[in-house]
Amino acid sequence: MPNKLISLAEAVRRFSWDGMQYASGAALPVGSDAIVFGRELLRQKRRNLHGVFHCCGQQLNLLAAAGVVAKAECGFAALEVVGFANGLRRAVESGRLALEDYSNLAMTLRLLGGALNWPFVPATVNIGSDLQARSAFSPDEYPARSKIPAVTDPFSGKTIGAFSPLKPDVAAIHVTLADANGNAILLGTEWSRTELSRAAKKVVLIADAIVDPACIRQFPNLVRIPDIIVEAVVYWPFAAWPHASPGMYDMDEEHMFFMNKILASEQGTAEYIRDFVENFSDIESYLDMIGRDKIKALSASTSSFLLDPYRRWILPPEDVASLTLSTELAA
Amino acid sequence: MSAALDYSRQEMMAIATGREIRDGELAIFGVGLSMLAGFFAHANHAPNLRSMTEGGVYGATPVGGLPWGIECNRLAVNATSFTSALDALGFLVASGRCDVGVIGAAQVDKFGNVNTTGVWDGDIGPRYRPPKTRMPGAGGANDIACGAKRFIVMATHELKRFAEKVTYISSPGYLDGGDARERQGFIGGGPSAIITTLGILRPEPETNEFVLDGWFAFSSVEEIKANTGWDLRVAPHAGKIPEPTAIELANLRKVDETGALRKK
């Protein structure tokens, strides 16, 4: 397999466009999400996105606050204990963003359906509630017929529902470790990243660390995303910041609350983009932006031991940089 | 409150919820209050509880305070298995295997239907329109409400939250009451209790309408009725719910290390 390491800016240039159906992380609101990919989407002025986010983390919160998401589909649209997602709220409440609601299992099953290329997925959840009866994408249908239509189970004769499969144009998936070929190890729960990686038409991995391929061969059972379905690999430490990455770093509590608060207004969002989206040019300046003391504190995670078995294979940043440069020069 | 023990309403709610969970059960908790209630049960009277989160974190107990979310490192530090949403919410919950789930509610109605999606001014009407206040949405609660053998709803007992009919059903209880839920054909049995900051409501047989089953030492039938948006009936056997014991409180506070439930 070829070396697929490219820079973040190059990945966004190649694998995003206006109006695309964009899926990320399939992440939990404080966990793995390729948030830095969303920052770069804003830097490259992508707009009119159709977001497929299993849960709304800070990435969708930011993209929605910035007004570049026209439609989104979610299972959970807040930030867990951190609170409601103010940027997303503002976009939804003003009617600027149509948010189609499903449950968490429904989003997983729809990605599974896309991955299997099924025509539909039997729905035994979401039926009978307003998740089935109400549609933000087809607001005039009540009860909605096109969202989770009723179908008959051919075996029992019972009425159930049909979920539509999801096949996002591109998925930017955050992983803890990847090799340069695109084999990935995910520490923490997968949530629906396995299904997403098979459902999306193109997969870009955003990895906190790059490992030698020998690491992958040592733990093949743990490789949930194999290189054969991956288009590109981006190395970006603290890619999920301010979310957590189990084994790597804790959630940045201070920035999580700060970010959510400032995204509650248009002016605050502009300030946030100025200070935390436009204000870095490479990995070093990104880490400076977070703050070196903060990086140190967040890295001293009680979960760090989870990374111990893999540490000896982690490539130093300069090796990753030269691998990245070689692919870009070849292209 | 008793003179001997000082505890908050939220702590009483968490303890009353925990008491509903039995040793050995397969249980699923969401983040926040429901997780504290569940892990309190584990620490207090259900050492063999088999708990999971909807992200597929197994065997974990919170370390260092209330987890910020399901994938928070406060839960990642002592897990025995990390799997996935399909595994936890699908294989173990929607399949009908899970014994009990605990979910929160921003609004709940007399048939135990739960709204966590939004606050609208009045009814939504025939055309769907965005809410005045957008809330988190269904998350995994809908899957728990459809699939778990029974589930418990936790809610702050306020008039605006206890409605004759919720504006939007995010997670189904008994729908329109009676056999409406049975006709829908969910594999899960429905809500067994609504535990509030004032007392406990349970479904009446046949009608599946929630009635008052008990009140806490610091509340009363009058206070609960005044904060309920339907004509709440009182079950014949309803009475005062035992206060937390010193051991229960100590066990809860061991789980709630950072005092999330003690804050106002």
# chains A, B, ... in the order shown; residues from 1 in each chain; ligands from 1

call {"tool": "interface_residues", "arguments": {"of": "chain A", "to": "chain B", "cutoff": "7 Å", "atoms": "only C-alpha atoms", "output": "PyMOL selection string"}}
result
chain A and resi 28+30-31+75-78+80-82+84+89+92-93+95+101-105+108+125-126+128-131+134-136+139-140+142+188-192+244+246+250+302-303

call {"tool": "residues_around", "arguments": {"residues": "region 192-202 of chain B", "least_positions_apart": "3", "cutoff": "7 Å", "atoms": "only C-alpha atoms", "output": "ChimeraX atom specification"}}
result
/B:9-10,13,17,150-157,210-216,219,224

call {"tool": "write_last_selection", "arguments": {"atoms": "N, CA and C atoms", "output": "PDB file, in the first residue's frame"}}
result
ATOM      1  N   ARG B   9     -32.340  17.737  47.016  1.00  0.00           N
ATOM      2  CA  ARG B   9     -33.442  17.080  46.302  1.00  0.00           C
ATOM      3  C   ARG B   9     -32.913  16.195  45.186  1.00  0.00           C
ATOM      4  N   GLN B  10     -31.863  16.680  44.546  1.00  0.00           N
ATOM      5  CA  GLN B  10     -31.255  15.915  43.452  1.00  0.00           C
ATOM      6  C   GLN B  10     -30.657  14.614  43.989  1.00  0.00           C
ATOM      7  N   MET B  13     -33.445  12.236  44.571  1.00  0.00           N
ATOM      8  CA  MET B  13     -33.911  11.706  43.282  1.00  0.00           C
ATOM      9  C   MET B  13     -32.966  10.604  42.789  1.00  0.00           C
ATOM     10  N   THR B  17     -33.920   6.667  42.412  1.00  0.00           N
ATOM     11  CA  THR B  17     -33.744   5.999  41.113  1.00  0.00           C
ATOM     12  C   THR B  17     -32.873   4.760  41.278  1.00  0.00           C
ATOM     13  N   ARG B 150     -37.530  -2.439  30.829  1.00  0.00           N
ATOM     14  CA  ARG B 150     -38.230  -1.328  31.483  1.00  0.00           C
ATOM     15  C   ARG B 150     -37.278  -0.147  31.542  1.00  0.00           C
ATOM     16  N   PHE B 151     -37.815   1.032  31.677  1.00  0.00           N
ATOM     17  CA  PHE B 151     -36.919   2.168  31.874  1.00  0.00           C
ATOM     18  C   PHE B 151     -37.491   3.132  32.892  1.00  0.00           C
ATOM     19  N   ILE B 152     -36.581   3.903  33.463  1.00  0.00           N
ATOM     20  CA  ILE B 152     -36.930   4.868  34.499  1.00  0.00           C
ATOM     21  C   ILE B 152     -36.650   6.252  33.942  1.00  0.00           C
ATOM     22  N   VAL B 153     -37.593   7.159  34.147  1.00  0.00           N
ATOM     23  CA  VAL B 153     -37.426   8.541  33.693  1.00  0.00           C
ATOM     24  C   VAL B 153     -37.077   9.394  34.902  1.00  0.00           C
ATOM     25  N   MET B 154     -36.044  10.215  34.770  1.00  0.00           N
ATOM     26  CA  MET B 154     -35.706  11.171  35.834  1.00  0.00           C
ATOM     27  C   MET B 154     -36.027  12.582  35.343  1.00  0.00           C
ATOM     28  N   ALA B 155     -36.721  13.365  36.172  1.00  0.00           N
ATOM     29  CA  ALA B 155     -37.064  14.727  35.746  1.00  0.00           C
ATOM     30  C   ALA B 155     -37.216  15.651  36.944  1.00  0.00           C
ATOM     31  N   THR B 156     -36.806  16.895  36.746  1.00  0.00           N
ATOM     32  CA  THR B 156     -37.047  17.928  37.754  1.00  0.00           C
ATOM     33  C   THR B 156     -38.545  18.218  37.774  1.00  0.00           C
ATOM     34  N   HIS B 157     -39.141  18.162  38.955  1.00  0.00           N
ATOM     35  CA  HIS B 157     -40.599  18.277  39.021  1.00  0.00           C
ATOM     36  C   HIS B 157     -41.049  19.735  39.010  1.00  0.00           C
ATOM     37  N   PHE B 210     -49.830   7.773  34.542  1.00  0.00           N
ATOM     38  CA  PHE B 210     -48.964   7.859  35.723  1.00  0.00           C
ATOM     39  C   PHE B 210     -49.707   8.497  36.895  1.00  0.00           C
ATOM     40  N   VAL B 211     -49.604   7.826  38.041  1.00  0.00           N
ATOM     41  CA  VAL B 211     -50.245   8.317  39.263  1.00  0.00           C
ATOM     42  C   VAL B 211     -49.167   8.454  40.340  1.00  0.00           C
ATOM     43  N   LEU B 212     -49.493   9.215  41.369  1.00  0.00           N
ATOM     44  CA  LEU B 212     -48.502   9.456  42.424  1.00  0.00           C
ATOM     45  C   LEU B 212     -48.364   8.223  43.308  1.00  0.00           C
ATOM     46  N   ASP B 213     -47.158   7.741  43.429  1.00  0.00           N
ATOM     47  CA  ASP B 213     -46.890   6.533  44.184  1.00  0.00           C
ATOM     48  C   ASP B 213     -46.248   6.847  45.532  1.00  0.00           C
ATOM     49  N   GLY B 214     -45.622   8.012  45.628  1.00  0.00           N
ATOM     50  CA  GLY B 214     -45.000   8.359  46.901  1.00  0.00           C
ATOM     51  C   GLY B 214     -44.366   9.732  46.846  1.00  0.00           C
ATOM     52  N   TRP B 215     -44.191  10.329  47.998  1.00  0.00           N
ATOM     53  CA  TRP B 215     -43.571  11.645  48.071  1.00  0.00           C
ATOM     54  C   TRP B 215     -42.393  11.595  49.023  1.00  0.00           C
ATOM     55  N   PHE B 216     -41.472  12.520  48.807  1.00  0.00           N
ATOM     56  CA  PHE B 216     -40.274  12.558  49.640  1.00  0.00           C
ATOM     57  C   PHE B 216     -40.579  13.287  50.948  1.00  0.00           C
ATOM     58  N   SER B 219     -41.369  16.889  50.597  1.00  0.00           N
ATOM     59  CA  SER B 219     -42.436  17.361  49.701  1.00  0.00           C
ATOM     60  C   SER B 219     -43.787  16.881  50.216  1.00  0.00           C
ATOM     61  N   ILE B 224     -46.734  18.382  44.928  1.00  0.00           N
ATOM     62  CA  ILE B 224     -46.545  17.593  43.702  1.00  0.00           C
ATOM     63  C   ILE B 224     -47.682  17.863  42.727  1.00  0.00           C
TER      64      ILE B 224
END

call {"tool": "residues_around", "arguments": {"residues": "Glu11 (chain B)", "least_positions_apart": "3", "cutoff": "8 Å", "atoms": "only C-alpha atoms", "output": "number ranges by chain"}}
result
B: 7-8, 14-15, 249, 252, 261-262

call {"tool": "write_last_selection", "arguments": {"atoms": "N, CA, C and O atoms", "output": "PDB file, in the first residue's frame"}}
result
ATOM      1  N   TYR B   7     -29.290  16.587  52.872  1.00  0.00           N
ATOM      2  CA  TYR B   7     -29.104  16.123  51.490  1.00  0.00           C
ATOM      3  C   TYR B   7     -29.937  16.981  50.555  1.00  0.00           C
ATOM      4  O   TYR B   7     -30.907  17.610  50.966  1.00  0.00           O
ATOM      5  N   SER B   8     -29.568  16.992  49.280  1.00  0.00           N
ATOM      6  CA  SER B   8     -30.301  17.826  48.325  1.00  0.00           C
ATOM      7  C   SER B   8     -31.430  17.021  47.669  1.00  0.00           C
ATOM      8  O   SER B   8     -31.452  15.795  47.734  1.00  0.00           O
ATOM      9  N   ALA B  14     -31.671  10.849  42.917  1.00  0.00           N
ATOM     10  CA  ALA B  14     -30.696   9.853  42.447  1.00  0.00           C
ATOM     11  C   ALA B  14     -30.780   8.578  43.280  1.00  0.00           C
ATOM     12  O   ALA B  14     -30.728   7.466  42.741  1.00  0.00           O
ATOM     13  N   ILE B  15     -30.954   8.726  44.590  1.00  0.00           N
ATOM     14  CA  ILE B  15     -31.040   7.548  45.459  1.00  0.00           C
ATOM     15  C   ILE B  15     -32.325   6.767  45.177  1.00  0.00           C
ATOM     16  O   ILE B  15     -32.317   5.540  45.061  1.00  0.00           O
ATOM     17  N   LEU B 249     -26.361   7.674  51.495  1.00  0.00           N
ATOM     18  CA  LEU B 249     -25.775   8.981  51.188  1.00  0.00           C
ATOM     19  C   LEU B 249     -24.268   8.889  51.008  1.00  0.00           C
ATOM     20  O   LEU B 249     -23.699   9.472  50.081  1.00  0.00           O
ATOM     21  N   LEU B 252     -23.596   7.284  47.662  1.00  0.00           N
ATOM     22  CA  LEU B 252     -23.855   8.204  46.553  1.00  0.00           C
ATOM     23  C   LEU B 252     -22.711   9.213  46.417  1.00  0.00           C
ATOM     24  O   LEU B 252     -22.241   9.504  45.317  1.00  0.00           O
ATOM     25  N   LEU B 261     -24.426  16.706  42.340  1.00  0.00           N
ATOM     26  CA  LEU B 261     -25.814  16.662  42.795  1.00  0.00           C
ATOM     27  C   LEU B 261     -26.063  17.576  43.987  1.00  0.00           C
ATOM     28  O   LEU B 261     -27.205  17.815  44.359  1.00  0.00           O
ATOM     29  N   ARG B 262     -24.994  18.047  44.598  1.00  0.00           N
ATOM     30  CA  ARG B 262     -25.186  18.901  45.777  1.00  0.00           C
ATOM     31  C   ARG B 262     -25.335  20.360  45.391  1.00  0.00           C
ATOM     32  O   ARG B 262     -25.829  21.167  46.144  1.00  0.00           O
TER      33      ARG B 262
END

call {"tool": "select_by_dssp", "arguments": {"residues": "region 201-304 of chain A", "states": "helix (DSSP H, G or I)", "output": "PyMOL selection string"}}
result
chain A and resi 213-218+220-222+227-229+253-262+266-276+283-290+292-299+304

call {"tool": "closest_residue", "arguments": {"among": "A:Trp17, A:Ile225, A:Ile6, A:Ile35", "to": "Val277 (chain A)", "atoms": "only C-alpha atoms"}}
result
A:Ile35

call {"tool": "atom_distance", "arguments": {"atom1": "CA of Thr324 (chain A)", "atom2": "CA of Asn181 (chain A)"}}
result
11.4 Å

call {"tool": "residues_around", "arguments": {"residues": "Arg43 (chain A)", "least_positions_apart": "4", "cutoff": "12 Å", "atoms": "only C-alpha atoms", "output": "list in words"}}
result
Leu8, Ala9, Val12, Arg13, Val36, Phe37, Gly38, Arg39, Arg47, Leu63, Ala66, Val68, Ile273, Arg274, Phe276, Val277, Glu278, Asn279, Phe280 and Ser281 of chain A

call {"tool": "select_by_dssp", "arguments": {"residues": "region 67-289 of chain A", "states": "strand (DSSP E or B)", "output": "PyMOL selection string"}}
result
chain A and resi 69-76+78+84+98-101+121-123+150-152+159-163+170-178+184-185+191+202-211+223-225+232-235+245+249

call {"tool": "write_last_selection", "arguments": {"atoms": "C-alpha atoms", "output": "compact mmCIF listing (two decimals), in the first residue's frame"}}
result
# COMPACT_ATOMS: atom_id res chain seq x y z
CA VAL A 69 -24.12 24.09 7.26
CA ALA A 70 -27.51 24.15 5.52
CA LYS A 71 -28.71 20.72 6.60
CA ALA A 72 -27.66 18.25 9.24
CA GLU A 73 -28.71 14.83 10.49
CA CYS A 74 -27.97 13.87 14.07
CA GLY A 75 -28.76 11.41 16.81
CA PHE A 76 -27.77 13.76 19.59
CA ALA A 78 -25.73 18.79 22.29
CA PHE A 84 -26.70 22.53 24.83
CA ALA A 98 -32.65 22.23 8.96
CA LEU A 99 -31.81 19.61 11.57
CA GLU A 100 -33.25 16.15 10.93
CA ASP A 101 -33.57 14.15 14.14
CA VAL A 121 -32.73 -0.94 7.23
CA PRO A 122 -35.57 -2.33 9.34
CA ALA A 123 -36.47 0.14 12.07
CA ALA A 150 -43.88 2.26 7.64
CA VAL A 151 -43.22 -1.14 6.10
CA THR A 152 -44.56 -4.60 6.77
CA THR A 159 -45.74 -2.92 10.89
CA ILE A 160 -42.23 -1.59 11.45
CA GLY A 161 -40.25 1.27 9.88
CA ALA A 162 -37.61 1.65 7.18
CA PHE A 163 -34.46 3.68 7.76
CA VAL A 170 -16.61 12.20 2.50
CA ALA A 171 -15.96 11.17 6.08
CA ALA A 172 -13.15 12.75 8.08
CA ILE A 173 -12.59 10.22 10.83
CA HIS A 174 -10.53 10.88 13.92
CA VAL A 175 -8.37 7.96 15.01
CA THR A 176 -5.77 7.65 17.73
CA LEU A 177 -3.11 5.86 15.69
CA ALA A 178 -2.65 5.23 11.99
CA ALA A 184 -6.02 2.69 12.09
CA ILE A 185 -6.27 1.78 15.75
CA TRP A 191 -19.05 4.62 18.53
CA LYS A 202 -14.25 8.61 0.60
CA VAL A 203 -12.47 8.30 3.95
CA VAL A 204 -9.83 10.65 5.29
CA LEU A 205 -8.20 9.68 8.58
CA ILE A 206 -7.08 12.36 11.01
CA ALA A 207 -4.64 10.70 13.40
CA ASP A 208 -3.24 11.98 16.70
CA ALA A 209 -0.10 9.94 16.05
CA ILE A 210 1.47 8.02 13.19
CA VAL A 211 2.91 4.59 13.91
CA VAL A 223 -7.24 -2.39 13.44
CA ARG A 224 -10.85 -1.37 12.89
CA ILE A 225 -10.20 0.67 9.75
CA ALA A 232 -5.67 9.82 2.79
CA VAL A 233 -4.06 10.10 6.21
CA VAL A 234 -3.48 13.39 8.00
CA TYR A 235 -1.19 13.60 11.01
CA SER A 245 -8.88 11.40 22.90
CA TYR A 249 -5.33 13.74 26.14

call {"tool": "atom_distance", "arguments": {"atom1": "CA of Met259 (chain A)", "atom2": "CA of Asp282 (chain A)"}}
result
21.1 Å

call {"tool": "atom_distance", "arguments": {"atom1": "CA of Ala34 (chain A)", "atom2": "CA of Arg312 (chain A)"}}
result
24.4 Å

call {"tool": "closest_residue", "arguments": {"among": "A:Asp252, A:Asp169, A:Glu318, A:Glu266", "to": "Ser24 (chain A)", "atoms": "only C-alpha atoms"}}
result
A:Asp169

call {"tool": "decode", "arguments": {"residues": "region 225-247 of chain A", "atoms": "N, CA and C atoms", "output": "short mmCIF file (atom, residue, chain, number, x, y, z; two decimals), in the first residue's frame"}}
result
data_model
loop_
_atom_site.label_atom_id
_atom_site.label_comp_id
_atom_site.auth_asym_id
_atom_site.auth_seq_id
_atom_site.Cartn_x
_atom_site.Cartn_y
_atom_site.Cartn_z
N ILE A 225 -10.10 0.06 11.08
CA ILE A 225 -10.20 0.67 9.75
C ILE A 225 -8.96 0.24 8.97
N PRO A 226 -9.14 -0.60 7.95
CA PRO A 226 -7.99 -1.08 7.17
C PRO A 226 -7.65 -0.12 6.03
N ASP A 227 -6.41 -0.15 5.60
CA ASP A 227 -5.95 0.83 4.60
C ASP A 227 -6.70 0.76 3.27
N ILE A 228 -7.24 -0.41 2.92
CA ILE A 228 -7.84 -0.54 1.58
C ILE A 228 -9.07 0.33 1.36
N ILE A 229 -9.64 0.90 2.43
CA ILE A 229 -10.80 1.78 2.23
C ILE A 229 -10.47 3.24 2.55
N VAL A 230 -9.19 3.55 2.69
CA VAL A 230 -8.79 4.89 3.11
C VAL A 230 -8.10 5.65 1.97
N GLU A 231 -8.54 6.89 1.74
CA GLU A 231 -7.97 7.71 0.67
C GLU A 231 -6.71 8.46 1.12
N ALA A 232 -6.77 8.95 2.35
CA ALA A 232 -5.67 9.82 2.79
C ALA A 232 -5.55 9.77 4.31
N VAL A 233 -4.33 10.06 4.77
CA VAL A 233 -4.06 10.10 6.21
C VAL A 233 -3.46 11.46 6.53
N VAL A 234 -4.02 12.11 7.55
CA VAL A 234 -3.48 13.39 8.00
C VAL A 234 -2.97 13.20 9.42
N TYR A 235 -1.73 13.60 9.64
CA TYR A 235 -1.19 13.60 11.01
C TYR A 235 -1.48 14.95 11.62
N TRP A 236 -2.17 14.95 12.75
CA TRP A 236 -2.44 16.21 13.43
C TRP A 236 -2.62 15.96 14.92
N PRO A 237 -1.61 16.26 15.72
CA PRO A 237 -1.76 16.04 17.16
C PRO A 237 -2.84 16.95 17.74
N PHE A 238 -3.53 16.49 18.74
CA PHE A 238 -4.64 17.24 19.35
C PHE A 238 -5.71 17.58 18.32
N ALA A 239 -5.92 16.64 17.37
CA ALA A 239 -6.90 16.86 16.30
C ALA A 239 -8.32 16.98 16.84
N ALA A 240 -8.60 16.33 17.98
CA ALA A 240 -9.95 16.36 18.53
C ALA A 240 -10.14 17.49 19.54
N TRP A 241 -9.08 18.23 19.84
CA TRP A 241 -9.18 19.31 20.82
C TRP A 241 -10.31 20.27 20.44
N PRO A 242 -11.12 20.71 21.40
CA PRO A 242 -11.03 20.55 22.87
C PRO A 242 -11.68 19.27 23.39
N HIS A 243 -12.12 18.38 22.51
CA HIS A 243 -12.62 17.09 22.98
C HIS A 243 -11.45 16.26 23.53
N ALA A 244 -11.81 15.09 24.09
CA ALA A 244 -10.81 14.16 24.61
C ALA A 244 -10.44 13.14 23.55
N SER A 245 -9.28 12.55 23.70
CA SER A 245 -8.88 11.40 22.90
C SER A 245 -8.31 10.38 23.88
N PRO A 246 -9.08 9.33 24.19
CA PRO A 246 -8.66 8.40 25.23
C PRO A 246 -7.24 7.87 24.98
N GLY A 247 -6.44 7.88 26.04
CA GLY A 247 -5.06 7.45 25.95
C GLY A 247 -4.11 8.57 25.58
#
